[in-house]
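Below: the structure, in C-alpha cells.
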Amino acid sequence: MDATTIVIVAISALTVYYVVYHLGYLVIIGSAAHRMAADLAWPAEIDHAEIFANPLTPRVSVLVPAHNEEAGIVDSVESLRNLRYPDVQIVVIDDGSTDATFPLLEQRYALRPVQLDMVSPEIPQEGATRGTYRSDDGSVIVIRKESTGRRADAVNAGLRISSGELVCMIDADSVLAPDALLRLAAPFVDDQRVIAAGGSVLPSNGVTIDGGQVTRFDLPRTWIERFQVVEYLRAFLIGRSGWAQVNGLVVISGAFGLYRRDAILRIGGLATTSLAEDADLLMAVHVDAVNRGIPYRVIFSAEPVCWTEVPRRVRVLGRQRTRWAHGLGEILADYRKVIARPRFGALGMLSMPWTMAFEYLAPVVAVVGTVLTVAALALGLIPISFALLVAAAGLGLSTLVTITALAVEAAWFRRYGGARRLLVLLAAAFAEPFFYRPLVFAWQLRGMWRAHRGAVAEWGEMEHTGSAPATQGAVLS
Amino acid sequence: MTDISSLILQGLAAVLVLSVLGLIATVVVTAVRDRIRTARRERLSAVLLDICDGEDLPAPRSTRDAETIADLAVRLATSLKGSDREALSAWLQRSGFPGRARAWMRRRNPASRLRGVALVTTINGPRSGRALVEMLADPHRRVRAGAARGLGITGAGSDIPALFSAVAAGRIPAGLAAMSVLRIFPTSGGQLESGFSSRDPSVRRIAAEIAGRLELADARPRLERLLGDSDATVVSAALAALVRIDDPEALTALRRERDRLADDPTRREFERTISRLEALEPVG
C-alpha cells in the first residue's frame with residue numbers, strides 16, 4: 001500500500017467519523033423533537049394546579065452556591081421567591097465571597113444570625129461555616145463559609161442543613177422562569193422512578209431581567225454570545241432532550257438541576273475532588289441506581305427555563321471551556337467502567353461512548369484531520385477536489401444539524417421568534433463552524449492537556465453585561 | 001472523482017438550502033397557526049365566561065371548537081369555585097361533553113386519554129368518580145396519575161379504597177395517592193380503614209400520615225394498632241400522627257409498645273412521643 005492510499009484511507013476514515021457524528025446528531029434531534037411534541041401534547045393544567053395547592057407537595061430546597069456574586073445575587077434570589085411552587089426553601093451558600101454578596105443579602109432580606117439544625121450531618125464539608133442566617137420572613141437562609149475553591153463544597157454545605165425531599169441546584173447568576181420549578185418537580189410526584197431532572201438552560205444575554213423576572217427578550221449583541229445561543233439550543237437543549245429519551249443523560253447542568261434528596265445522600269453528597277461536579281453527581285447517581293438494581297429515570301424537560309449569563313468576552317469564555325473540557329476528561333476517566341457495559345443500558349452503550357468519541361476527542365480528530373489533509377495536499381498525495389469535498393461535507397452537515405435544531409426550537413417553543421432574530425441565528429449557524437468552533441476546539445485541547453497534567457481549578461471571576469441578572473457570576477476557571 | 005465530488009457538494013448545498021427554507025416555513029406556519037389558535041381561544045374564552053355567569057348558550061357545533069372549549073374549561077376550572085364552577089359543570093354536562101370525555105379516554109394516544117380524564121374531572125358529574133377509578137388501571141403512568149388527581153378533586157370518600165389499592169398494585173406512587181386522599185378530605189378514621197389494614201406498608205404509612213395531618217381523633221385506635229407494625233416507616237408515621245392528634249389516651253398503648261423495644265432509635269422516638277403527650281395529660 002503506497003503513501004497516497006494510506007493518506008486517502010485515513011482521510012476517508014475521518015470523513016466517516018464526521019458523517020457518523022452529524023447523522024447521529026440528526027437522529028438525536030429527531031428523537032428530541034418527537035419527545036418535545038409528545039411532552040407538549042399532555043394537558044398539565046390540573047396537575048400543576050393540584051401540585052401547587054396540595055399541602056403534601058414535596059418541599060424543594062434550592063441551593064445557590066455564590067462566590068463574589070454581588071451584581072446578580074439579589075435578582076437571582078428574587079426569582080426564586082417569585083417561583084410558583086408551594087414549598088421552596090431557598091439556601092444561599094456564600095462561599096468565601098470578598099465582595100458585597102453577603103452585605104447585599106443581609107440588607108435586602110434583613111438577615112439575622114440563627115442556629116440551624118443539621119439535617120444531614122453525614123454529608124462532608126471542608127470549608128468551615130462562619131455563620132448561618134435567616135431572613136425576617138424565613139424565606140431565605142444564608143450560610144457563610146470559608147471557600148475551598150470548589151463549588152461542590154458549597155453545595156454540600158447547603159445539603160447538610162436543607163430539608164427538602166427534592167433538591168434543586170442553580171447557579172447564583174441564574175434566573176428561573178416562574179413556572180420552571182413546578183414543571184420540573186411534577187414528574188417526581190407522578191413517577192417514583194424519577195430520581196433526577198434537568199431543565200433547559202438558555203443564555204440570558206440580551207434578556208432584560210427586573211426584580212427576578214424576564215421583562216424584555218432579545219438576542220445578545222455580540223457574535224460570541226450569539227454563537228453560544230446557537231450552541232445552547234443545539235447541544236444543551238435539544239441534544240440533552242434526545243439523550244434523556246433513552247435514559248442516557250450524562251450531565252445535568254449545575255445551572256438548573258433537580259434531584260431526589262435520598263439519591264444524593266446515598267452517594268454521600270457531591271464529590272469535592274471533581275471539577276465537573278454536576279456531571280459527576282449525575283454519573284454517581286446513575287451508577288448507584290444501576291448497582292442497586294432499581295428501575296430509575298433521569299429526565300430532561302425542555303419547557304422549564306433557567307436563564308443564565310454566558311461569557312461575552314473571549315478570554316472568559318476560553319477559561320470556561322477549558323474548565324469544561326478538563327472536567328469532562330476527569331468524568332470519562334473516573335467512570336470509564338461504565339463505557340461499553342450493557343448493564344448501564346443506553347448510558348453505557350450509547351451516550352458515554354458518544355461523549356468520549358464525539359465530544360471529548362473531537363478537537364483531537366479535528367487537528368489530526370486538518371494536519372493530515374494539509375500535509376497530503378502539500379505533498380501532492382490527494383487532489384484538492386477531495387480535500388474540498390471532505391471540508392465542505394463536514395461544514396455543511398454541521399450547519400444542517402444546527403439549522404434542524406433551530407427548526408425544532410421554532411416549531412415548539414418560539415422563544416427566538418421574529419424575522420430579525422431568525423436571520424441572526426441563521427447567520428450564526430453558518431458562521432459558527434468557521435469562527436467559533438475552532439476557538440472552542442483550541443480551548444478544549446488546553447483543557448485536555450490540563451486534565452492530563454492533573455491541574456487544579458478554582459472559583460474564578462466572570463464579567464457580566466448587567467443587562468441580565470447582571471451577576472458577577474462565578475465560574476470555575 | 002471530480003464529478004462525484006461535485007455531485008456530493010451540489011447535493012449537500014441543496015439539502016442546506018432546503019433546511020433553511022424548512023426553517024423559514026416552520027416559523028411562518030407556526031406563527032400563522034398560533035394566531036388562528038389565539039383568536040379562537042379568545043372568542044371561546046368569552047363564551048365560557050358568559051356560561052360561568054349563568055347564560056345557557058348552545059353547545060359548539062364544530063369539533064375543533066368543542067375541543068378548544070374543553071381545554072379552556074379544564075384550565076378555567078382550576079381557578080373557579082362555588083356557583084361559577086357549578087354553572088360551568090352543569091353546562092358541560094348539558095352540552096354533551098361527558099360523551100366526548102369518554103370517547104377521549106378510549107383513544108390510543110395517552111395524552112388524549114389524559115385530556116379525557118381532565119375533562120371528566122372538570123365536569124364532575126354523577127359518574128365521574130367511577131370513570132376515574134377505571135382510569136387508575138390505564139397502561140400509561142401519567143394517565144393514572146391524572147385519574148388519581150381527578151379523584152382527589154371530585155372528592156368522594158368512597159373512592160379512597162381505590163386509591164389505596166392502586167398504590168398497593170404499584171400503579172400510582174404513594175405520595176401522589178396521599179395528596180389525592182388528603183384533597184378528598186376524609187372526616188373520620190373509618191374512611192381510611194382500607195389503608196390502615198392494607199398489606200402494603202407504604203399504604204399503611206400514608207393512611208397514618210393523613211390521619212395525623214387531618215387530626216382525625218377517631219383514628220387513634222387504628223394508629224395504636226400500627227405502633228407494633230413490622231415496618232419502621234409505618235411506626236414513625238403512626239407516632240407522628242399521634243402527636244398531631246394530641247390525645248393523651250394514646251399513652252397506654254405507647255408505653256406498652258415502648259416497653260417491648262430494645263434501646264434503639266425507634267424506642268427513643270417512642271419516648272419523645274410519650275413526653276409530648278405526657279405534657280398534655282391531666283395531673284393526678
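Chain lettering (A, B, ...) mirrors the order of the C-alpha cells, residue numbering begins at 1 for each chain separately, and ligand numbering begins at 1 in order of display.
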
Could you make a table, as a tab-separated table, of the residues of chain B that have an atom within 7 Å of an atom of chain A, each with its nearest atom pair and distance in Å to one decimal, counting only C-alpha atoms, in chain and number order?
```
residue	atom	partner	partner_atom	distance
B:Thr2	CA	A:Ser385	CA	6.3
B:Ser5	CA	A:Leu389	CA	5.8
B:Leu9	CA	A:Leu389	CA	6.7
B:Leu12	CA	A:Gly396	CA	6.6
B:Leu16	CA	A:Leu400	CA	6.0
B:Ser19	CA	A:Ile403	CA	6.6
B:Val20	CA	A:Ile403	CA	6.8
B:Leu23	CA	A:Ala407	CA	4.9
B:Thr26	CA	A:Ala411	CA	6.0
B:Val27	CA	A:Ala410	CA	5.8
B:Thr30	CA	A:Ala411	CA	6.3
B:Arg75	CA	A:Glu45	CA	5.7
B:Thr78	CA	A:Ala49	CA	6.3
B:Ala111	CA	A:Trp42	CA	4.9
B:Leu114	CA	A:Pro43	CA	6.9
B:Arg115	CA	A:Pro43	CA	6.0
B:Ala118	CA	A:Ile46	CA	7.0
B:Arg142	CA	A:Asp190	CA	6.7
B:Ala145	CA	A:Asp190	CA	5.8
B:Gly146	CA	A:Asp47	CA	6.9
B:Pro173	CA	A:Gln192	CA	5.9
B:Gly175	CA	A:Val189	CA	6.8
B:Leu176	CA	A:Val189	CA	6.0
B:Met179	CA	A:Leu56	CA	5.7
```

Leu226 (chain B) surroundings by only C-alpha atoms, 12 Å radius, close-in-sequence under 4 positions cut, as a PyMOL selection string: chain B and resi 193+195-198+201+203-209+219-222+230-242+253-254+257

Contacts of region 273-287 of chain A within 6 Å, only C-alpha atoms, excl. fewer than 2 positions in-chain, as a list in words: Val251, Gly254, Leu270, Ala271, Ala289, Val290, Asn291 and Gly327 of chain A

Restricting the output to N, CA and C atoms, write the selected residues as a PDB file, in the first residue's frame.
```pdb
ATOM      1  N   VAL A 251     -25.004  14.500  31.658  1.00  0.00           N
ATOM      2  CA  VAL A 251     -24.846  15.663  32.534  1.00  0.00           C
ATOM      3  C   VAL A 251     -26.166  16.422  32.666  1.00  0.00           C
ATOM      4  N   GLY A 254     -25.235  22.258  36.140  1.00  0.00           N
ATOM      5  CA  GLY A 254     -25.222  22.794  37.503  1.00  0.00           C
ATOM      6  C   GLY A 254     -26.048  24.066  37.605  1.00  0.00           C
ATOM      7  N   LEU A 270     -21.971  15.670  46.981  1.00  0.00           N
ATOM      8  CA  LEU A 270     -21.174  15.927  45.786  1.00  0.00           C
ATOM      9  C   LEU A 270     -19.697  15.652  46.054  1.00  0.00           C
ATOM     10  N   ALA A 271     -19.019  15.140  45.030  1.00  0.00           N
ATOM     11  CA  ALA A 271     -17.591  14.852  45.167  1.00  0.00           C
ATOM     12  C   ALA A 271     -16.809  16.153  45.086  1.00  0.00           C
ATOM     13  N   ALA A 289     -27.885   3.793  41.166  1.00  0.00           N
ATOM     14  CA  ALA A 289     -29.196   3.196  40.849  1.00  0.00           C
ATOM     15  C   ALA A 289     -29.016   1.872  40.107  1.00  0.00           C
ATOM     16  N   VAL A 290     -28.070   1.834  39.174  1.00  0.00           N
ATOM     17  CA  VAL A 290     -27.837   0.584  38.426  1.00  0.00           C
ATOM     18  C   VAL A 290     -27.311  -0.486  39.370  1.00  0.00           C
ATOM     19  N   ASN A 291     -26.380  -0.120  40.233  1.00  0.00           N
ATOM     20  CA  ASN A 291     -25.808  -1.102  41.170  1.00  0.00           C
ATOM     21  C   ASN A 291     -26.844  -1.663  42.129  1.00  0.00           C
ATOM     22  N   GLY A 327     -12.916  19.081  33.043  1.00  0.00           N
ATOM     23  CA  GLY A 327     -13.869  18.304  33.859  1.00  0.00           C
ATOM     24  C   GLY A 327     -14.373  17.079  33.128  1.00  0.00           C
TER      25      GLY A 327
END
```

d(CA of Thr154 (chain B), CA of Leu72 (chain B)) in Å: 18.6 Å

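Nearest to Val298 (chain A) of all the residues A:Leu233, A:Leu445, A:Leu332, A:Val246 is A:Val246, counting only C-alpha atoms.
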
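Coordinates place CA of Asp138 (chain B) at a distance of 27.9 Å from CA of Trp91 (chain B).
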
As a CSV table (one decimal) with N, CA and C atoms, in the first residue's frame, please: the residues near Leu219 (chain A) (cut-off 12 Å, only C-alpha atoms, same-chain neighbours under 2 positions excluded).
```csv
chain,number,residue,atom,x,y,z
A,202,LEU,N,-30.9,28.6,29.1
A,202,LEU,CA,-30.6,29.4,27.9
A,202,LEU,C,-29.9,30.7,28.3
A,203,PRO,N,-29.1,31.2,27.4
A,203,PRO,CA,-28.3,32.4,27.8
A,203,PRO,C,-29.3,33.6,28.1
A,204,SER,N,-29.0,34.3,29.1
A,204,SER,CA,-29.8,35.5,29.5
A,204,SER,C,-29.2,36.7,28.8
A,205,ASN,N,-28.1,36.6,28.1
A,205,ASN,CA,-27.5,37.8,27.5
A,205,ASN,C,-28.5,38.3,26.5
A,206,GLY,N,-28.8,39.6,26.6
A,206,GLY,CA,-29.8,40.2,25.7
A,206,GLY,C,-31.2,40.3,26.3
A,207,VAL,N,-31.4,39.5,27.3
A,207,VAL,CA,-32.7,39.5,28.0
A,207,VAL,C,-32.6,40.5,29.2
A,208,THR,N,-33.7,41.2,29.3
A,208,THR,CA,-33.7,42.2,30.4
A,208,THR,C,-34.5,41.6,31.6
A,216,ARG,N,-38.0,41.8,29.2
A,216,ARG,CA,-37.9,42.0,27.8
A,216,ARG,C,-36.9,41.0,27.2
A,217,PHE,N,-37.3,40.6,26.0
A,217,PHE,CA,-36.5,39.5,25.4
A,217,PHE,C,-35.8,39.9,24.1
A,221,ARG,N,-26.0,41.1,21.7
A,221,ARG,CA,-25.4,42.0,20.6
A,221,ARG,C,-24.2,41.4,20.0
A,222,THR,N,-23.3,40.8,20.7
A,222,THR,CA,-22.1,40.3,20.1
A,222,THR,C,-22.2,38.9,19.6
A,223,TRP,N,-21.3,38.7,18.6
A,223,TRP,CA,-21.4,37.4,17.9
A,223,TRP,C,-21.0,36.3,18.8
A,224,ILE,N,-20.0,36.5,19.7
A,224,ILE,CA,-19.5,35.5,20.5
A,224,ILE,C,-20.7,35.0,21.4
A,225,GLU,N,-21.5,35.9,21.8
A,225,GLU,CA,-22.7,35.5,22.6
A,225,GLU,C,-23.8,34.8,21.8
A,226,ARG,N,-23.9,35.3,20.5
A,226,ARG,CA,-24.9,34.7,19.6
A,226,ARG,C,-24.5,33.2,19.3
A,227,PHE,N,-23.2,33.0,19.1
A,227,PHE,CA,-22.8,31.7,18.8
A,227,PHE,C,-23.1,30.7,20.0
A,228,GLN,N,-23.0,31.3,21.2
A,228,GLN,CA,-23.3,30.5,22.3
A,228,GLN,C,-24.8,30.2,22.4
A,229,VAL,N,-25.7,31.1,22.0
A,229,VAL,CA,-27.1,30.9,21.9
A,229,VAL,C,-27.4,29.7,21.0
A,230,VAL,N,-26.8,29.7,19.9
A,230,VAL,CA,-27.0,28.6,18.9
A,230,VAL,C,-26.5,27.3,19.5
A,415,ARG,N,-39.2,30.8,21.2
A,415,ARG,CA,-38.6,31.8,22.1
A,415,ARG,C,-37.8,32.8,21.4
A,416,TYR,N,-37.3,32.4,20.2
A,416,TYR,CA,-36.5,33.3,19.4
A,416,TYR,C,-37.3,33.7,18.1
A,417,GLY,N,-38.5,34.0,18.2
A,417,GLY,CA,-39.3,34.4,17.1
A,417,GLY,C,-39.0,35.7,16.5
A,418,GLY,N,-39.6,36.0,15.3
A,418,GLY,CA,-39.3,37.3,14.6
A,418,GLY,C,-38.3,37.1,13.6
A,420,ARG,N,-36.0,39.2,12.3
A,420,ARG,CA,-34.6,39.6,12.5
A,420,ARG,C,-33.8,38.6,13.4
A,421,ARG,N,-34.5,38.1,14.4
A,421,ARG,CA,-33.8,37.1,15.3
A,421,ARG,C,-33.5,35.8,14.5
A,422,LEU,N,-34.5,35.5,13.6
A,422,LEU,CA,-34.3,34.3,12.8
A,422,LEU,C,-33.0,34.4,11.9
A,423,LEU,N,-33.0,35.6,11.3
A,423,LEU,CA,-31.8,35.8,10.4
A,423,LEU,C,-30.5,35.8,11.1
A,424,VAL,N,-30.5,36.4,12.3
A,424,VAL,CA,-29.3,36.5,13.1
A,424,VAL,C,-28.9,35.1,13.5
A,425,LEU,N,-29.8,34.2,13.9
A,425,LEU,CA,-29.5,32.9,14.3
A,425,LEU,C,-29.0,32.1,13.1
A,428,ALA,N,-25.5,33.0,12.4
A,428,ALA,CA,-24.7,32.4,13.4
A,428,ALA,C,-24.4,30.9,13.1
A,467,SER,N,-27.1,43.5,31.9
A,467,SER,CA,-28.4,43.6,31.3
A,467,SER,C,-29.3,42.5,31.8
A,468,ALA,N,-28.7,41.4,32.0
A,468,ALA,CA,-29.5,40.3,32.5
A,468,ALA,C,-29.5,40.4,34.0
```

All strand (DSSP E) positions in region 296-442 of chain A, as a PDB file with N, CA and C atoms, in the first residue's frame:
```
ATOM      1  N   ARG A 297     -35.234   6.679  36.460  1.00  0.00           N
ATOM      2  CA  ARG A 297     -35.226   7.513  35.264  1.00  0.00           C
ATOM      3  C   ARG A 297     -34.568   8.843  35.562  1.00  0.00           C
ATOM      4  N   VAL A 298     -33.779   9.298  34.599  1.00  0.00           N
ATOM      5  CA  VAL A 298     -33.225  10.654  34.645  1.00  0.00           C
ATOM      6  C   VAL A 298     -33.841  11.378  33.459  1.00  0.00           C
ATOM      7  N   ILE A 299     -34.578  12.432  33.741  1.00  0.00           N
ATOM      8  CA  ILE A 299     -35.336  13.074  32.661  1.00  0.00           C
ATOM      9  C   ILE A 299     -34.798  14.470  32.359  1.00  0.00           C
ATOM     10  N   PHE A 300     -35.228  14.972  31.227  1.00  0.00           N
ATOM     11  CA  PHE A 300     -34.871  16.345  30.861  1.00  0.00           C
ATOM     12  C   PHE A 300     -36.128  17.009  30.352  1.00  0.00           C
ATOM     13  N   SER A 301     -36.414  18.171  30.855  1.00  0.00           N
ATOM     14  CA  SER A 301     -37.617  18.872  30.421  1.00  0.00           C
ATOM     15  C   SER A 301     -37.222  20.158  29.708  1.00  0.00           C
ATOM     16  N   ALA A 302     -37.639  20.254  28.458  1.00  0.00           N
ATOM     17  CA  ALA A 302     -37.222  21.402  27.650  1.00  0.00           C
ATOM     18  C   ALA A 302     -38.038  22.649  27.945  1.00  0.00           C
ATOM     19  N   GLU A 303     -39.182  22.488  28.557  1.00  0.00           N
ATOM     20  CA  GLU A 303     -40.067  23.635  28.770  1.00  0.00           C
ATOM     21  C   GLU A 303     -39.613  24.547  29.925  1.00  0.00           C
ATOM     22  N   PRO A 304     -39.233  24.005  31.077  1.00  0.00           N
ATOM     23  CA  PRO A 304     -38.781  24.923  32.132  1.00  0.00           C
ATOM     24  C   PRO A 304     -37.519  25.647  31.678  1.00  0.00           C
ATOM     25  N   VAL A 305     -37.432  26.911  31.998  1.00  0.00           N
ATOM     26  CA  VAL A 305     -36.280  27.672  31.522  1.00  0.00           C
ATOM     27  C   VAL A 305     -35.546  28.322  32.681  1.00  0.00           C
ATOM     28  N   CYS A 306     -34.254  28.139  32.628  1.00  0.00           N
ATOM     29  CA  CYS A 306     -33.365  28.841  33.540  1.00  0.00           C
ATOM     30  C   CYS A 306     -32.509  29.760  32.664  1.00  0.00           C
ATOM     31  N   TRP A 307     -32.549  31.027  32.965  1.00  0.00           N
ATOM     32  CA  TRP A 307     -31.732  31.976  32.206  1.00  0.00           C
ATOM     33  C   TRP A 307     -30.413  32.168  32.929  1.00  0.00           C
ATOM     34  N   THR A 308     -29.343  31.993  32.193  1.00  0.00           N
ATOM     35  CA  THR A 308     -28.041  32.155  32.840  1.00  0.00           C
ATOM     36  C   THR A 308     -27.126  32.955  31.921  1.00  0.00           C
TER      37      THR A 308
END
```

So that I can see what lies close to region 174-177 of chain A, please list as a PDB file with N, CA and C atoms, in the first residue's frame the residues with an atom at most 9 Å from it, counting only C-alpha atoms and leaving out residues fewer than 3 positions away in the same chain.
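Result file around.pdb:
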```
ATOM      1  N   GLY A  72     -25.563  40.160  40.880  1.00  0.00           N
ATOM      2  CA  GLY A  72     -26.785  39.472  40.474  1.00  0.00           C
ATOM      3  C   GLY A  72     -27.462  38.642  41.530  1.00  0.00           C
ATOM      4  N   ILE A  73     -26.863  38.541  42.704  1.00  0.00           N
ATOM      5  CA  ILE A  73     -27.400  37.594  43.687  1.00  0.00           C
ATOM      6  C   ILE A  73     -28.824  37.965  44.116  1.00  0.00           C
ATOM      7  N   ASP A  75     -31.181  39.582  42.363  1.00  0.00           N
ATOM      8  CA  ASP A  75     -32.121  39.220  41.288  1.00  0.00           C
ATOM      9  C   ASP A  75     -32.367  37.723  41.265  1.00  0.00           C
ATOM     10  N   SER A  76     -31.299  36.966  41.464  1.00  0.00           N
ATOM     11  CA  SER A  76     -31.429  35.521  41.430  1.00  0.00           C
ATOM     12  C   SER A  76     -32.335  35.037  42.575  1.00  0.00           C
ATOM     13  N   VAL A  77     -32.095  35.558  43.780  1.00  0.00           N
ATOM     14  CA  VAL A  77     -32.914  35.147  44.930  1.00  0.00           C
ATOM     15  C   VAL A  77     -34.357  35.629  44.750  1.00  0.00           C
ATOM     16  N   GLU A  78     -34.502  36.826  44.193  1.00  0.00           N
ATOM     17  CA  GLU A  78     -35.863  37.321  43.940  1.00  0.00           C
ATOM     18  C   GLU A  78     -36.619  36.400  42.990  1.00  0.00           C
ATOM     19  N   SER A  79     -35.911  35.908  41.953  1.00  0.00           N
ATOM     20  CA  SER A  79     -36.595  34.997  41.012  1.00  0.00           C
ATOM     21  C   SER A  79     -37.039  33.734  41.739  1.00  0.00           C
ATOM     22  N   LEU A  80     -36.264  33.317  42.726  1.00  0.00           N
ATOM     23  CA  LEU A  80     -36.648  32.120  43.491  1.00  0.00           C
ATOM     24  C   LEU A  80     -37.845  32.416  44.389  1.00  0.00           C
ATOM     25  N   ASN A  82     -40.134  34.408  43.678  1.00  0.00           N
ATOM     26  CA  ASN A  82     -41.314  34.557  42.810  1.00  0.00           C
ATOM     27  C   ASN A  82     -41.773  33.242  42.195  1.00  0.00           C
ATOM     28  N   LEU A  83     -41.081  32.153  42.516  1.00  0.00           N
ATOM     29  CA  LEU A  83     -41.431  30.882  41.895  1.00  0.00           C
ATOM     30  C   LEU A  83     -42.842  30.459  42.268  1.00  0.00           C
ATOM     31  N   ILE A 170     -28.911  25.567  41.583  1.00  0.00           N
ATOM     32  CA  ILE A 170     -28.820  26.543  40.493  1.00  0.00           C
ATOM     33  C   ILE A 170     -27.570  27.398  40.700  1.00  0.00           C
ATOM     34  N   ASP A 171     -27.126  28.034  39.615  1.00  0.00           N
ATOM     35  CA  ASP A 171     -26.010  28.965  39.721  1.00  0.00           C
ATOM     36  C   ASP A 171     -26.532  30.289  40.266  1.00  0.00           C
ATOM     37  N   ALA A 180     -40.944  27.293  36.289  1.00  0.00           N
ATOM     38  CA  ALA A 180     -39.893  26.322  35.967  1.00  0.00           C
ATOM     39  C   ALA A 180     -39.817  25.184  36.990  1.00  0.00           C
ATOM     40  N   LEU A 181     -39.867  25.532  38.259  1.00  0.00           N
ATOM     41  CA  LEU A 181     -39.703  24.503  39.289  1.00  0.00           C
ATOM     42  C   LEU A 181     -40.929  23.582  39.359  1.00  0.00           C
ATOM     43  N   VAL A 201     -31.537  25.312  29.949  1.00  0.00           N
ATOM     44  CA  VAL A 201     -30.793  26.499  30.367  1.00  0.00           C
ATOM     45  C   VAL A 201     -30.506  27.305  29.112  1.00  0.00           C
ATOM     46  N   SER A 204     -28.972  34.302  29.123  1.00  0.00           N
ATOM     47  CA  SER A 204     -29.783  35.471  29.469  1.00  0.00           C
ATOM     48  C   SER A 204     -29.231  36.733  28.819  1.00  0.00           C
ATOM     49  N   ILE A 209     -33.833  41.591  32.763  1.00  0.00           N
ATOM     50  CA  ILE A 209     -34.428  40.977  33.954  1.00  0.00           C
ATOM     51  C   ILE A 209     -34.583  42.047  35.022  1.00  0.00           C
ATOM     52  N   GLY A 212     -36.068  39.888  39.314  1.00  0.00           N
ATOM     53  CA  GLY A 212     -36.088  38.437  39.207  1.00  0.00           C
ATOM     54  C   GLY A 212     -37.008  37.907  38.124  1.00  0.00           C
ATOM     55  N   GLN A 213     -37.556  38.783  37.268  1.00  0.00           N
ATOM     56  CA  GLN A 213     -38.452  38.329  36.204  1.00  0.00           C
ATOM     57  C   GLN A 213     -37.929  38.827  34.862  1.00  0.00           C
ATOM     58  N   VAL A 214     -38.091  38.004  33.824  1.00  0.00           N
ATOM     59  CA  VAL A 214     -37.717  38.433  32.474  1.00  0.00           C
ATOM     60  C   VAL A 214     -38.770  39.427  31.990  1.00  0.00           C
ATOM     61  N   ALA A 255     -26.384  24.657  36.441  1.00  0.00           N
ATOM     62  CA  ALA A 255     -27.180  25.889  36.468  1.00  0.00           C
ATOM     63  C   ALA A 255     -28.633  25.612  36.820  1.00  0.00           C
ATOM     64  N   PHE A 256     -29.120  24.389  36.582  1.00  0.00           N
ATOM     65  CA  PHE A 256     -30.521  24.083  36.895  1.00  0.00           C
ATOM     66  C   PHE A 256     -30.759  22.570  36.863  1.00  0.00           C
ATOM     67  N   PRO A 304     -39.233  24.005  31.077  1.00  0.00           N
ATOM     68  CA  PRO A 304     -38.781  24.923  32.132  1.00  0.00           C
ATOM     69  C   PRO A 304     -37.519  25.647  31.678  1.00  0.00           C
ATOM     70  N   VAL A 305     -37.432  26.911  31.998  1.00  0.00           N
ATOM     71  CA  VAL A 305     -36.280  27.672  31.522  1.00  0.00           C
ATOM     72  C   VAL A 305     -35.546  28.322  32.681  1.00  0.00           C
ATOM     73  N   CYS A 306     -34.254  28.139  32.628  1.00  0.00           N
ATOM     74  CA  CYS A 306     -33.365  28.841  33.540  1.00  0.00           C
ATOM     75  C   CYS A 306     -32.509  29.760  32.664  1.00  0.00           C
ATOM     76  N   TRP A 307     -32.549  31.027  32.965  1.00  0.00           N
ATOM     77  CA  TRP A 307     -31.732  31.976  32.206  1.00  0.00           C
ATOM     78  C   TRP A 307     -30.413  32.168  32.929  1.00  0.00           C
ATOM     79  N   THR A 308     -29.343  31.993  32.193  1.00  0.00           N
ATOM     80  CA  THR A 308     -28.041  32.155  32.840  1.00  0.00           C
ATOM     81  C   THR A 308     -27.126  32.955  31.921  1.00  0.00           C
ATOM     82  N   GLU A 309     -26.310  33.787  32.513  1.00  0.00           N
ATOM     83  CA  GLU A 309     -25.470  34.641  31.681  1.00  0.00           C
ATOM     84  C   GLU A 309     -24.269  33.865  31.171  1.00  0.00           C
ATOM     85  N   ALA A 468     -28.741  41.355  32.000  1.00  0.00           N
ATOM     86  CA  ALA A 468     -29.497  40.251  32.528  1.00  0.00           C
ATOM     87  C   ALA A 468     -29.528  40.355  34.041  1.00  0.00           C
ATOM     88  N   PRO A 469     -29.325  39.273  34.756  1.00  0.00           N
ATOM     89  CA  PRO A 469     -29.301  39.474  36.184  1.00  0.00           C
ATOM     90  C   PRO A 469     -28.082  40.275  36.584  1.00  0.00           C
ATOM     91  N   THR A 471     -25.139  39.591  36.958  1.00  0.00           N
ATOM     92  CA  THR A 471     -24.389  38.977  38.030  1.00  0.00           C
ATOM     93  C   THR A 471     -22.904  38.973  37.740  1.00  0.00           C
ATOM     94  N   GLY A 473     -21.175  36.610  38.002  1.00  0.00           N
ATOM     95  CA  GLY A 473     -21.291  35.180  38.229  1.00  0.00           C
ATOM     96  C   GLY A 473     -19.948  34.506  38.360  1.00  0.00           C
TER      97      GLY A 473
END
```

Compile the contact shell of Ile141 (chain A) as a list in words: residues with an atom at most 6 Å away, counting only C-alpha atoms, same-chain residues fewer than 2 positions apart removed. Val91, Tyr133 and Arg134 of chain A

Write to file, as a PDB file, in the first residue's frame, the residues of the selection just made, with N, CA and C atoms.
```pdb
ATOM      1  N   VAL A  91     -31.708  28.348  49.954  1.00  0.00           N
ATOM      2  CA  VAL A  91     -30.476  28.326  50.753  1.00  0.00           C
ATOM      3  C   VAL A  91     -29.334  28.884  49.902  1.00  0.00           C
ATOM      4  N   TYR A 133     -27.663  32.273  58.751  1.00  0.00           N
ATOM      5  CA  TYR A 133     -28.582  33.409  58.877  1.00  0.00           C
ATOM      6  C   TYR A 133     -29.920  33.057  58.250  1.00  0.00           C
ATOM      7  N   ARG A 134     -30.950  33.731  58.742  1.00  0.00           N
ATOM      8  CA  ARG A 134     -32.278  33.541  58.152  1.00  0.00           C
ATOM      9  C   ARG A 134     -32.921  34.916  57.974  1.00  0.00           C
TER      10      ARG A 134
END
```

Thr272 (chain A): which residues within 12 Å, counting only C-alpha atoms, same-chain residues fewer than 2 positions away excluded, as a VMD selection string? chain A and resid 123 to 127 147 to 157 268 to 270 274 to 278 280 to 281 456 to 458

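Distances to Ile331 (chain A) were evaluated for A:Gln89, A:Gly318, A:Ser241, A:Met448 using only C-alpha atoms, and the minimum falls at A:Met448.
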
Output as a ChimeraX atom specification all residues of region 322-433 of chain A that backbone DSSP marks as alpha helix (DSSP H). /A:322-334,345-346,352-354,362-378,384-412,419-433

Could you state the separation of CA of Pro98 (chain B) and CA of Ala66 (chain B) in Å, given to one decimal place? 11.9 Å
